[in-house]
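Content type mmCIF, C-alpha atoms; chains and numbers go by the auth columns, from the file coords-v6.cif:
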```cif
data_my_file
#
loop_
_atom_site.group_PDB
_atom_site.id
_atom_site.type_symbol
_atom_site.label_atom_id
_atom_site.label_comp_id
_atom_site.label_asym_id
_atom_site.label_seq_id
_atom_site.Cartn_x
_atom_site.Cartn_y
_atom_site.Cartn_z
_atom_site.B_iso_or_equiv
_atom_site.auth_seq_id
_atom_site.auth_asym_id
ATOM 1 C CA MET A 1 -34.223 27.777 -48.734 0.00 1 A
ATOM 2 C CA PRO A 2 -33.224 24.155 -48.236 0.00 2 A
ATOM 3 C CA SER A 3 -34.590 21.912 -50.993 0.00 3 A
ATOM 4 C CA ILE A 4 -35.326 18.980 -48.668 0.00 4 A
ATOM 5 C CA ARG A 5 -38.122 18.864 -46.120 0.00 5 A
ATOM 6 C CA MET A 6 -37.911 15.744 -44.027 0.00 6 A
ATOM 7 C CA LYS A 7 -39.859 14.288 -41.118 0.00 7 A
ATOM 8 C CA ALA A 8 -38.719 11.227 -39.224 0.00 8 A
ATOM 9 C CA ALA A 9 -40.783 9.781 -36.403 0.00 9 A
ATOM 10 C CA ALA A 10 -39.888 6.794 -34.236 0.00 10 A
ATOM 11 C CA SER A 11 -42.584 4.508 -32.915 0.00 11 A
ATOM 12 C CA GLY A 12 -41.218 1.524 -31.020 0.00 12 A
ATOM 13 C CA ASP A 13 -38.336 0.115 -33.052 0.00 13 A
ATOM 14 C CA THR A 14 -39.519 1.555 -36.383 0.00 14 A
ATOM 15 C CA THR A 15 -38.763 5.018 -37.688 0.00 15 A
ATOM 16 C CA GLU A 16 -41.019 6.298 -40.461 0.00 16 A
ATOM 17 C CA VAL A 17 -39.455 8.841 -42.794 0.00 17 A
ATOM 18 C CA GLN A 18 -41.217 11.213 -45.163 0.00 18 A
ATOM 19 C CA ALA A 19 -39.238 13.488 -47.451 0.00 19 A
ATOM 20 C CA LEU A 20 -40.321 16.151 -49.911 0.00 20 A
ATOM 21 C CA VAL A 21 -37.670 17.562 -52.256 0.00 21 A
ATOM 22 C CA GLN A 22 -38.053 20.708 -54.333 0.00 22 A
ATOM 23 C CA HIS A 23 -36.800 19.809 -57.792 0.00 23 A
ATOM 24 C CA PRO A 24 -38.159 20.315 -61.349 0.00 24 A
ATOM 25 C CA MET A 25 -37.617 16.641 -62.330 0.00 25 A
ATOM 26 C CA ASP A 26 -37.734 17.658 -66.003 0.00 26 A
ATOM 27 C CA SER A 27 -38.201 14.537 -68.092 0.00 27 A
ATOM 28 C CA GLY A 28 -36.721 15.813 -71.344 0.00 28 A
ATOM 29 C CA PHE A 29 -40.051 15.183 -73.148 0.00 29 A
ATOM 30 C CA VAL A 30 -41.794 18.454 -72.291 0.00 30 A
ATOM 31 C CA LYS A 31 -41.600 21.533 -74.521 0.00 31 A
ATOM 32 C CA ASP A 32 -41.460 25.104 -73.257 0.00 32 A
ATOM 33 C CA ALA A 33 -43.746 27.908 -74.465 0.00 33 A
ATOM 34 C CA GLY A 34 -41.452 28.456 -77.466 0.00 34 A
ATOM 35 C CA GLY A 35 -41.775 24.816 -78.589 0.00 35 A
ATOM 36 C CA ASN A 36 -38.247 23.882 -77.514 0.00 36 A
ATOM 37 C CA LEU A 37 -37.636 20.693 -75.544 0.00 37 A
ATOM 38 C CA ILE A 38 -36.715 21.349 -71.924 0.00 38 A
ATOM 39 C CA PRO A 39 -33.596 19.201 -71.363 0.00 39 A
ATOM 40 C CA PRO A 40 -33.724 16.429 -68.750 0.00 40 A
ATOM 41 C CA HIS A 41 -33.005 17.662 -65.248 0.00 41 A
ATOM 42 C CA HIS A 42 -33.788 15.165 -62.541 0.00 42 A
ATOM 43 C CA ILE A 43 -32.470 13.769 -59.291 0.00 43 A
ATOM 44 C CA GLU A 44 -30.577 10.507 -59.787 0.00 44 A
ATOM 45 C CA THR A 45 -29.819 9.482 -56.224 0.00 45 A
ATOM 46 C CA LEU A 46 -31.300 10.334 -52.837 0.00 46 A
ATOM 47 C CA VAL A 47 -29.446 8.656 -49.991 0.00 47 A
ATOM 48 C CA PHE A 48 -30.541 8.454 -46.349 0.00 48 A
ATOM 49 C CA GLN A 49 -27.875 7.885 -43.720 0.00 49 A
ATOM 50 C CA TYR A 50 -28.238 7.033 -40.059 0.00 50 A
ATOM 51 C CA ASN A 51 -25.167 6.741 -37.819 0.00 51 A
ATOM 52 C CA GLY A 52 -22.904 6.983 -40.860 0.00 52 A
ATOM 53 C CA LYS A 53 -24.608 4.022 -42.543 0.00 53 A
ATOM 54 C CA THR A 54 -26.865 4.172 -45.611 0.00 54 A
ATOM 55 C CA VAL A 55 -30.295 2.861 -44.580 0.00 55 A
ATOM 56 C CA PHE A 56 -32.223 3.605 -47.776 0.00 56 A
ATOM 57 C CA GLU A 57 -31.254 4.781 -51.245 0.00 57 A
ATOM 58 C CA ALA A 58 -33.532 6.031 -54.016 0.00 58 A
ATOM 59 C CA LEU A 59 -32.387 5.766 -57.637 0.00 59 A
ATOM 60 C CA TRP A 60 -34.667 7.990 -59.676 0.00 60 A
ATOM 61 C CA GLY A 61 -35.294 8.453 -63.376 0.00 61 A
ATOM 62 C CA PRO A 62 -37.168 11.269 -65.113 0.00 62 A
ATOM 63 C CA ALA A 63 -40.540 9.550 -64.461 0.00 63 A
ATOM 64 C CA VAL A 64 -40.529 10.565 -60.799 0.00 64 A
ATOM 65 C CA SER A 65 -42.921 13.481 -60.302 0.00 65 A
ATOM 66 C CA LYS A 66 -41.849 17.074 -59.898 0.00 66 A
ATOM 67 C CA ASP A 67 -41.041 17.993 -56.281 0.00 67 A
ATOM 68 C CA PRO A 68 -40.613 14.303 -55.374 0.00 68 A
ATOM 69 C CA TYR A 69 -42.168 12.718 -52.312 0.00 69 A
ATOM 70 C CA LEU A 70 -40.815 9.598 -50.648 0.00 70 A
ATOM 71 C CA LYS A 71 -41.914 7.549 -47.674 0.00 71 A
ATOM 72 C CA PHE A 72 -40.059 4.599 -46.173 0.00 72 A
ATOM 73 C CA SER A 73 -39.273 3.156 -42.762 0.00 73 A
ATOM 74 C CA PHE A 74 -36.391 1.470 -41.028 0.00 74 A
ATOM 75 C CA LYS A 75 -35.588 -0.191 -37.709 0.00 75 A
ATOM 76 C CA GLY A 76 -33.090 0.461 -34.954 0.00 76 A
ATOM 77 C CA ALA A 77 -33.073 4.259 -34.605 0.00 77 A
ATOM 78 C CA ALA A 78 -33.989 6.193 -31.460 0.00 78 A
ATOM 79 C CA LYS A 79 -35.770 9.482 -30.833 0.00 79 A
ATOM 80 C CA GLY A 80 -33.351 12.405 -30.849 0.00 80 A
ATOM 81 C CA ASP A 81 -30.929 10.748 -33.287 0.00 81 A
ATOM 82 C CA ALA A 82 -30.045 12.427 -36.579 0.00 82 A
ATOM 83 C CA LEU A 83 -31.018 11.240 -40.060 0.00 83 A
ATOM 84 C CA THR A 84 -29.307 12.770 -43.089 0.00 84 A
ATOM 85 C CA ALA A 85 -30.622 12.931 -46.647 0.00 85 A
ATOM 86 C CA THR A 86 -28.502 13.863 -49.676 0.00 86 A
ATOM 87 C CA TRP A 87 -29.536 14.122 -53.326 0.00 87 A
ATOM 88 C CA VAL A 88 -27.464 14.465 -56.494 0.00 88 A
ATOM 89 C CA ASP A 89 -29.018 15.283 -59.873 0.00 89 A
ATOM 90 C CA ASN A 90 -27.956 14.637 -63.469 0.00 90 A
ATOM 91 C CA LEU A 91 -26.360 18.093 -63.697 0.00 91 A
ATOM 92 C CA GLY A 92 -24.161 17.319 -60.691 0.00 92 A
ATOM 93 C CA LYS A 93 -26.077 19.623 -58.344 0.00 93 A
ATOM 94 C CA THR A 94 -26.550 18.389 -54.801 0.00 94 A
ATOM 95 C CA ASP A 95 -28.133 19.262 -51.480 0.00 95 A
ATOM 96 C CA THR A 96 -28.234 17.692 -48.052 0.00 96 A
ATOM 97 C CA ALA A 97 -30.414 18.029 -44.969 0.00 97 A
ATOM 98 C CA THR A 98 -30.520 16.542 -41.488 0.00 98 A
ATOM 99 C CA ALA A 99 -33.614 15.830 -39.417 0.00 99 A
ATOM 100 C CA LYS A 100 -33.855 14.940 -35.766 0.00 100 A
ATOM 101 C CA ILE A 101 -35.914 11.797 -35.249 0.00 101 A
ATOM 102 C CA ALA A 102 -39.032 12.720 -33.249 0.00 102 A
ATOM 103 C CA MET B 1 -28.188 -5.598 -73.844 0.00 1 B
ATOM 104 C CA SER B 2 -26.539 -8.131 -71.578 0.00 2 B
ATOM 105 C CA PHE B 3 -25.504 -7.634 -67.979 0.00 3 B
ATOM 106 C CA GLU B 4 -21.924 -8.673 -68.795 0.00 4 B
ATOM 107 C CA SER B 5 -21.429 -5.979 -71.442 0.00 5 B
ATOM 108 C CA THR B 6 -22.756 -3.364 -69.025 0.00 6 B
ATOM 109 C CA ALA B 7 -20.269 -4.507 -66.405 0.00 7 B
ATOM 110 C CA SER B 8 -17.329 -4.382 -68.809 0.00 8 B
ATOM 111 C CA LEU B 9 -18.350 -0.941 -70.091 0.00 9 B
ATOM 112 C CA GLU B 10 -18.419 0.246 -66.489 0.00 10 B
ATOM 113 C CA ALA B 11 -14.964 -1.266 -65.933 0.00 11 B
ATOM 114 C CA THR B 12 -13.664 0.541 -69.035 0.00 12 B
ATOM 115 C CA ARG B 13 -15.116 3.813 -67.791 0.00 13 B
ATOM 116 C CA ARG B 14 -13.516 3.353 -64.395 0.00 14 B
ATOM 117 C CA THR B 15 -10.155 2.563 -65.976 0.00 15 B
ATOM 118 C CA ALA B 16 -10.454 5.701 -68.107 0.00 16 B
ATOM 119 C CA LEU B 17 -11.330 7.770 -65.051 0.00 17 B
ATOM 120 C CA ARG B 18 -8.384 6.345 -63.138 0.00 18 B
ATOM 121 C CA LEU B 19 -6.026 7.200 -66.008 0.00 19 B
ATOM 122 C CA LEU B 20 -7.392 10.743 -66.153 0.00 20 B
ATOM 123 C CA ALA B 21 -7.035 11.058 -62.386 0.00 21 B
ATOM 124 C CA GLY B 22 -3.416 9.961 -62.738 0.00 22 B
ATOM 125 C CA LEU B 23 -2.833 12.740 -65.232 0.00 23 B
ATOM 126 C CA GLY B 24 -4.399 15.271 -62.884 0.00 24 B
ATOM 127 C CA LEU B 25 -7.269 15.815 -65.331 0.00 25 B
ATOM 128 C CA TYR B 26 -10.011 14.247 -63.208 0.00 26 B
ATOM 129 C CA GLY B 27 -11.490 17.561 -62.073 0.00 27 B
ATOM 130 C CA ILE B 28 -11.550 18.951 -65.582 0.00 28 B
ATOM 131 C CA SER B 29 -13.151 15.843 -67.040 0.00 29 B
ATOM 132 C CA MET B 30 -15.944 15.648 -64.437 0.00 30 B
ATOM 133 C CA PRO B 31 -18.633 17.568 -66.366 0.00 31 B
ATOM 134 C CA ALA B 32 -18.568 14.897 -69.069 0.00 32 B
ATOM 135 C CA PHE B 33 -19.775 12.381 -66.492 0.00 33 B
ATOM 136 C CA ALA B 34 -22.156 14.680 -64.653 0.00 34 B
ATOM 137 C CA ASP B 35 -25.232 12.811 -65.894 0.00 35 B
ATOM 138 C CA ASN B 36 -23.953 9.576 -64.440 0.00 36 B
ATOM 139 C CA VAL B 37 -23.917 9.774 -60.640 0.00 37 B
ATOM 140 C CA ALA B 38 -21.903 6.889 -59.194 0.00 38 B
ATOM 141 C CA GLY B 39 -24.159 3.889 -58.703 0.00 39 B
ATOM 142 C CA TRP B 40 -26.997 5.259 -60.868 0.00 40 B
ATOM 143 C CA PRO B 41 -27.939 2.511 -63.358 0.00 41 B
ATOM 144 C CA ALA B 42 -28.107 4.593 -66.561 0.00 42 B
ATOM 145 C CA ASP B 43 -28.640 1.599 -68.863 0.00 43 B
ATOM 146 C CA ALA B 44 -31.640 0.407 -66.865 0.00 44 B
ATOM 147 C CA PHE B 45 -33.233 3.875 -66.836 0.00 45 B
ATOM 148 C CA LYS B 46 -32.641 4.313 -70.585 0.00 46 B
ATOM 149 C CA ALA B 47 -34.128 0.909 -71.510 0.00 47 B
ATOM 150 C CA LYS B 48 -37.524 1.231 -73.213 0.00 48 B
ATOM 151 C CA SER B 49 -39.269 -1.976 -72.163 0.00 49 B
ATOM 152 C CA THR B 50 -39.852 -3.583 -68.787 0.00 50 B
ATOM 153 C CA ASP B 51 -37.870 -6.673 -69.861 0.00 51 B
ATOM 154 C CA ASP B 52 -34.865 -4.664 -71.060 0.00 52 B
ATOM 155 C CA ALA B 53 -34.877 -2.535 -67.896 0.00 53 B
ATOM 156 C CA MET B 54 -34.990 -5.657 -65.702 0.00 54 B
ATOM 157 C CA ALA B 55 -32.185 -7.276 -67.713 0.00 55 B
ATOM 158 C CA ALA B 56 -30.021 -4.162 -67.309 0.00 56 B
ATOM 159 C CA LEU B 57 -30.829 -3.691 -63.626 0.00 57 B
ATOM 160 C CA TYR B 58 -30.841 -7.245 -62.279 0.00 58 B
ATOM 161 C CA GLY B 59 -29.790 -9.501 -65.162 0.00 59 B
ATOM 162 C CA LYS B 60 -32.648 -11.860 -64.316 0.00 60 B
ATOM 163 C CA LYS B 61 -36.392 -12.257 -64.700 0.00 61 B
ATOM 164 C CA PHE B 62 -39.147 -11.882 -62.110 0.00 62 B
ATOM 165 C CA GLU B 63 -42.072 -14.088 -61.173 0.00 63 B
ATOM 166 C CA MET B 64 -45.458 -12.753 -60.092 0.00 64 B
ATOM 167 C CA SER B 65 -46.136 -13.192 -56.375 0.00 65 B
ATOM 168 C CA ASP B 66 -49.037 -12.483 -54.026 0.00 66 B
ATOM 169 C CA LYS B 67 -46.428 -11.577 -51.380 0.00 67 B
ATOM 170 C CA VAL B 68 -45.943 -8.272 -53.193 0.00 68 B
ATOM 171 C CA SER B 69 -48.621 -5.609 -53.307 0.00 69 B
ATOM 172 C CA VAL B 70 -48.653 -2.412 -55.336 0.00 70 B
ATOM 173 C CA GLU B 71 -51.208 0.225 -54.425 0.00 71 B
ATOM 174 C CA GLY B 72 -52.290 3.255 -56.401 0.00 72 B
ATOM 175 C CA PRO B 73 -55.371 4.910 -57.834 0.00 73 B
ATOM 176 C CA ASP B 74 -57.634 3.031 -60.282 0.00 74 B
ATOM 177 C CA ILE B 75 -57.977 6.247 -62.230 0.00 75 B
ATOM 178 C CA ALA B 76 -55.364 9.014 -62.220 0.00 76 B
ATOM 179 C CA GLU B 77 -56.773 12.303 -63.425 0.00 77 B
ATOM 180 C CA ASN B 78 -53.297 13.818 -63.556 0.00 78 B
ATOM 181 C CA GLY B 79 -50.665 11.464 -64.987 0.00 79 B
ATOM 182 C CA GLY B 80 -47.978 13.849 -63.747 0.00 80 B
ATOM 183 C CA VAL B 81 -48.538 12.912 -60.119 0.00 81 B
ATOM 184 C CA VAL B 82 -49.625 9.327 -59.484 0.00 82 B
ATOM 185 C CA PRO B 83 -49.124 8.115 -55.901 0.00 83 B
ATOM 186 C CA ILE B 84 -47.793 4.546 -55.849 0.00 84 B
ATOM 187 C CA SER B 85 -46.853 2.441 -52.855 0.00 85 B
ATOM 188 C CA VAL B 86 -45.294 -0.997 -52.640 0.00 86 B
ATOM 189 C CA ASP B 87 -45.335 -3.481 -49.769 0.00 87 B
ATOM 190 C CA ALA B 88 -43.683 -6.878 -49.614 0.00 88 B
ATOM 191 C CA LYS B 89 -44.247 -9.720 -47.179 0.00 89 B
ATOM 192 C CA LEU B 90 -40.852 -11.217 -47.971 0.00 90 B
ATOM 193 C CA PRO B 91 -37.600 -11.687 -46.000 0.00 91 B
ATOM 194 C CA ASN B 92 -34.233 -10.041 -46.747 0.00 92 B
ATOM 195 C CA VAL B 93 -35.529 -7.508 -49.260 0.00 93 B
ATOM 196 C CA THR B 94 -32.570 -5.689 -50.815 0.00 94 B
ATOM 197 C CA SER B 95 -34.299 -3.691 -53.518 0.00 95 B
ATOM 198 C CA ILE B 96 -37.694 -2.512 -54.759 0.00 96 B
ATOM 199 C CA SER B 97 -38.131 -1.234 -58.318 0.00 97 B
ATOM 200 C CA ILE B 98 -41.202 0.397 -59.837 0.00 98 B
ATOM 201 C CA LEU B 99 -41.881 0.295 -63.568 0.00 99 B
ATOM 202 C CA VAL B 100 -44.542 1.976 -65.681 0.00 100 B
ATOM 203 C CA ALA B 101 -44.977 -0.392 -68.639 0.00 101 B
ATOM 204 C CA GLU B 102 -45.753 2.089 -71.410 0.00 102 B
ATOM 205 C CA ASN B 103 -43.737 5.118 -70.346 0.00 103 B
ATOM 206 C CA PRO B 104 -40.993 6.158 -72.821 0.00 104 B
ATOM 207 C CA SER B 105 -38.593 4.352 -70.457 0.00 105 B
ATOM 208 C CA ALA B 106 -40.249 1.739 -68.258 0.00 106 B
ATOM 209 C CA LEU B 107 -38.114 2.010 -65.113 0.00 107 B
ATOM 210 C CA ALA B 108 -39.344 4.904 -62.966 0.00 108 B
ATOM 211 C CA ALA B 109 -37.587 4.337 -59.657 0.00 109 B
ATOM 212 C CA SER B 110 -35.445 1.759 -57.929 0.00 110 B
ATOM 213 C CA TYR B 111 -34.799 1.651 -54.199 0.00 111 B
ATOM 214 C CA LYS B 112 -31.913 -0.035 -52.412 0.00 112 B
ATOM 215 C CA LEU B 113 -32.735 -1.239 -48.917 0.00 113 B
ATOM 216 C CA SER B 114 -30.268 -1.816 -46.099 0.00 114 B
ATOM 217 C CA ASP B 115 -30.815 -4.728 -43.700 0.00 115 B
ATOM 218 C CA THR B 116 -32.601 -2.377 -41.286 0.00 116 B
ATOM 219 C CA ALA B 117 -35.059 -0.976 -43.864 0.00 117 B
ATOM 220 C CA ASN B 118 -38.621 -2.298 -43.927 0.00 118 B
ATOM 221 C CA PRO B 119 -39.790 -3.691 -47.297 0.00 119 B
ATOM 222 C CA THR B 120 -42.157 -0.844 -48.112 0.00 120 B
ATOM 223 C CA VAL B 121 -41.940 2.416 -50.056 0.00 121 B
ATOM 224 C CA ALA B 122 -44.286 5.130 -51.323 0.00 122 B
ATOM 225 C CA CYS B 123 -43.615 7.791 -53.954 0.00 123 B
ATOM 226 C CA ARG B 124 -45.258 9.720 -56.793 0.00 124 B
ATOM 227 C CA LEU B 125 -44.671 8.925 -60.458 0.00 125 B
ATOM 228 C CA LYS B 126 -45.434 10.310 -63.904 0.00 126 B
ATOM 229 C CA MET B 127 -47.479 8.157 -66.264 0.00 127 B
ATOM 230 C CA ALA B 128 -47.709 8.899 -69.995 0.00 128 B
ATOM 231 C CA LYS B 129 -50.931 6.912 -70.495 0.00 129 B
ATOM 232 C CA THR B 130 -53.158 4.155 -69.150 0.00 130 B
ATOM 233 C CA THR B 131 -50.952 1.152 -68.450 0.00 131 B
ATOM 234 C CA LYS B 132 -49.640 -1.296 -65.858 0.00 132 B
ATOM 235 C CA VAL B 133 -47.528 -0.259 -62.903 0.00 133 B
ATOM 236 C CA ILE B 134 -45.218 -3.122 -61.951 0.00 134 B
ATOM 237 C CA ALA B 135 -43.429 -3.466 -58.621 0.00 135 B
ATOM 238 C CA VAL B 136 -40.428 -5.783 -58.516 0.00 136 B
ATOM 239 C CA VAL B 137 -38.997 -6.838 -55.167 0.00 137 B
ATOM 240 C CA GLU B 138 -35.647 -8.547 -54.711 0.00 138 B
ATOM 241 C CA SER B 139 -35.751 -10.985 -51.784 0.00 139 B
ATOM 242 C CA ASN B 140 -32.956 -13.471 -51.018 0.00 140 B
ATOM 243 C CA GLY B 141 -31.580 -12.711 -54.474 0.00 141 B
ATOM 244 C CA LYS B 142 -34.799 -13.636 -56.322 0.00 142 B
ATOM 245 C CA LEU B 143 -37.262 -11.281 -57.998 0.00 143 B
ATOM 246 C CA TYR B 144 -40.971 -11.197 -57.138 0.00 144 B
ATOM 247 C CA ALA B 145 -43.466 -8.866 -58.736 0.00 145 B
ATOM 248 C CA ALA B 146 -47.014 -7.555 -58.662 0.00 146 B
ATOM 249 C CA SER B 147 -48.777 -5.265 -61.085 0.00 147 B
ATOM 250 C CA ARG B 148 -51.720 -2.930 -61.095 0.00 148 B
ATOM 251 C CA ASP B 149 -53.647 -1.225 -63.911 0.00 149 B
ATOM 252 C CA VAL B 150 -53.885 2.536 -63.608 0.00 150 B
ATOM 253 C CA LYS B 151 -56.135 4.454 -65.992 0.00 151 B
ATOM 254 C CA VAL B 152 -54.709 7.859 -66.881 0.00 152 B
ATOM 255 C CA THR B 153 -57.052 10.544 -68.163 0.00 153 B
ATOM 256 C CA LEU B 154 -54.366 13.203 -68.725 0.00 154 B
ATOM 257 C CA GLY B 155 -50.833 12.009 -69.526 0.00 155 B
ATOM 258 C CA GLY B 156 -47.914 13.233 -67.456 0.00 156 B
ATOM 259 C CA CYS B 157 -45.013 13.112 -69.885 0.00 157 B
ATOM 260 C CA GLY B 158 -45.921 16.257 -71.825 0.00 158 B
ATOM 261 C CA GLY B 159 -44.968 16.815 -75.446 0.00 159 B
#
```
Produce structure tokens that represent the structure in this file.
Amino acid sequence: MPSIRMKAAASGDTTEVQALVQHPMDSGFVKDAGGNLIPPHHIETLVFQYNGKTVFEALWGPAVSKDPYLKFSFKGAAKGDALTATWVDNLGKTDTATAKIA
Amino acid sequence: MSFESTASLEATRRTALRLLAGLGLYGISMPAFADNVAGWPADAFKAKSTDDAMAALYGKKFEMSDKVSVEGPDIAENGGVVPISVDAKLPNVTSISILVAENPSALAASYKLSDTANPTVACRLKMAKTTKVIAVVESNGKLYAASRDVKVTLGGCGG
């Protein structure tokens, strides 16, 4: 199961992107059932690339909600082109996904 | 916490990494730096207050502006998932940061925009309690901000 679900839709010159990432985004402040603190585990960077160029970059701390959602838009892309998203978390885990702009 | 000391610390870290790489130990030493993805501003995210986070992130102060708008609920029943969106009617926006004033660490998210990105973003944040959500937008190198009060009935930082 890929961790990133992404939709990118072009309308005129603007492409609107919505991404939903499956990730616990543990803040480090929450205790488990046994009363032990769950250590921080959160995405730090989520980078969107179009044509080999970074168009938008999210820098996230532990205050971003579990299973993060992000919406942004950018100019200059065309229908059928590819948009790539890559995240890296504080444990060094990473995942990447590509969406075709609709 | 000054911007200069952050920069020199970063330089020291890089020098150390380069030395380790030279010794062929880079791969082995990586786990020690795993919580510090390249380009992730750790000092800004660890800062407690809005002012300290802004100093660490930008090294300058913001002014309030009606060109920035921050939208969100007036009342959030679940502080764990508060939808927040930011729009700016400003040219050459290079970054948008969102802070929750009374969270354990104020800075929640910071976005870097390329020259083709539109100055708008929406995401979902955790809020520990009723407080201000502040959006800071960097335009032509200056910082403009707007804030909004969000009442939280159930905090989202646990513990």
Next on the checklist: Please determine, counting all atoms listed in the file, which residue among A:Val55, A:Leu20, A:Val30, A:Val64 has the shortest atom-to-atom distance to Gly76 (chain A).
Outcome noted: A:Val55
Next on the checklist: Around (-42.9, 10.5, -30.0), as given in the file, which residues come within 7 Å? Count all atoms listed in the file and list them as a list of chain:residue names.
Outcome noted: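 Residues close enough to count: A:Ala9, A:Ala10, A:Ser11, A:Ala102.
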Checklist entry - Using all atoms listed in the file, which chain A residues lie at most 8 Å away from chain B, written as a VMD selection string? => result chain A and resid 27 29 to 31 44 to 45 54 to 66 68 to 76 88 to 92
Take the residues just selected and output them with C-alpha atoms as a PDB file, in the coordinates of the input.
```
ATOM      1  CA  SER A  27     -38.201  14.537 -68.092  1.00  0.00           C
ATOM      2  CA  PHE A  29     -40.051  15.183 -73.148  1.00  0.00           C
ATOM      3  CA  VAL A  30     -41.794  18.454 -72.291  1.00  0.00           C
ATOM      4  CA  LYS A  31     -41.600  21.533 -74.521  1.00  0.00           C
ATOM      5  CA  GLU A  44     -30.577  10.507 -59.787  1.00  0.00           C
ATOM      6  CA  THR A  45     -29.819   9.482 -56.224  1.00  0.00           C
ATOM      7  CA  THR A  54     -26.865   4.172 -45.611  1.00  0.00           C
ATOM      8  CA  VAL A  55     -30.295   2.861 -44.580  1.00  0.00           C
ATOM      9  CA  PHE A  56     -32.223   3.605 -47.776  1.00  0.00           C
ATOM     10  CA  GLU A  57     -31.254   4.781 -51.245  1.00  0.00           C
ATOM     11  CA  ALA A  58     -33.532   6.031 -54.016  1.00  0.00           C
ATOM     12  CA  LEU A  59     -32.387   5.766 -57.637  1.00  0.00           C
ATOM     13  CA  TRP A  60     -34.667   7.990 -59.676  1.00  0.00           C
ATOM     14  CA  GLY A  61     -35.294   8.453 -63.376  1.00  0.00           C
ATOM     15  CA  PRO A  62     -37.168  11.269 -65.113  1.00  0.00           C
ATOM     16  CA  ALA A  63     -40.540   9.550 -64.461  1.00  0.00           C
ATOM     17  CA  VAL A  64     -40.529  10.565 -60.799  1.00  0.00           C
ATOM     18  CA  SER A  65     -42.921  13.481 -60.302  1.00  0.00           C
ATOM     19  CA  LYS A  66     -41.849  17.074 -59.898  1.00  0.00           C
ATOM     20  CA  PRO A  68     -40.613  14.303 -55.374  1.00  0.00           C
ATOM     21  CA  TYR A  69     -42.168  12.718 -52.312  1.00  0.00           C
ATOM     22  CA  LEU A  70     -40.815   9.598 -50.648  1.00  0.00           C
ATOM     23  CA  LYS A  71     -41.914   7.549 -47.674  1.00  0.00           C
ATOM     24  CA  PHE A  72     -40.059   4.599 -46.173  1.00  0.00           C
ATOM     25  CA  SER A  73     -39.273   3.156 -42.762  1.00  0.00           C
ATOM     26  CA  PHE A  74     -36.391   1.470 -41.028  1.00  0.00           C
ATOM     27  CA  LYS A  75     -35.588  -0.191 -37.709  1.00  0.00           C
ATOM     28  CA  GLY A  76     -33.090   0.461 -34.954  1.00  0.00           C
ATOM     29  CA  VAL A  88     -27.464  14.465 -56.494  1.00  0.00           C
ATOM     30  CA  ASP A  89     -29.018  15.283 -59.873  1.00  0.00           C
ATOM     31  CA  ASN A  90     -27.956  14.637 -63.469  1.00  0.00           C
ATOM     32  CA  LEU A  91     -26.360  18.093 -63.697  1.00  0.00           C
ATOM     33  CA  GLY A  92     -24.161  17.319 -60.691  1.00  0.00           C
TER      34      GLY A  92
END
```
Checklist entry - Which distance in Å separates CA of Gly12 (chain A) and CA of Ala85 (chain A), to one decimal? => result 22.1 Å
Checklist entry - To one decimal place, how far is CA of Glu63 (chain B) from CA of Lys132 (chain B) in Å? => result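 Rounded to one decimal, the two atoms are 15.6 Å apart.
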Next on the checklist: I'd like the contact shell of Asp74 (chain B) - 12 Å cut-off, all atoms listed in the file, skipping same-chain residues fewer than 2 positions apart - returned as an MDAnalysis selection string.
Outcome noted: chainID B and resid 70:72 76:77 79 82:84 130:133 148:153
Checklist entry - For Lys79 (chain A), which residue among A:Lys93, A:Ile4, A:Ile101, A:Met25 is the nearest when counting only C-alpha atoms? => result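 The shortest atom-to-atom distance to Lys79 (chain A) comes from A:Ile101.
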Item to check | For CA of Pro91 (chain B) and CA of Asp43 (chain B), the interatomic separation in Å (one decimal) | outcome: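 Going from CA of Pro91 (chain B) over to CA of Asp43 (chain B), I get 27.9 Å.
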I'd like to see the residues matched by the PyMOL selection byres ((chain B and resi 138) around 7) on this file, and ideally I'd get them as a compact mmCIF listing (two decimals) with C-alpha atoms, in the frame of the given file.
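Contents of the output file out.txt:
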```
# COMPACT_ATOMS: atom_id res chain seq x y z
CA VAL B 93 -35.53 -7.51 -49.26
CA THR B 94 -32.57 -5.69 -50.82
CA SER B 95 -34.30 -3.69 -53.52
CA ILE B 96 -37.69 -2.51 -54.76
CA VAL B 136 -40.43 -5.78 -58.52
CA VAL B 137 -39.00 -6.84 -55.17
CA SER B 139 -35.75 -10.98 -51.78
CA ASN B 140 -32.96 -13.47 -51.02
CA GLY B 141 -31.58 -12.71 -54.47
CA LYS B 142 -34.80 -13.64 -56.32
CA LEU B 143 -37.26 -11.28 -58.00
CA TYR B 144 -40.97 -11.20 -57.14
```
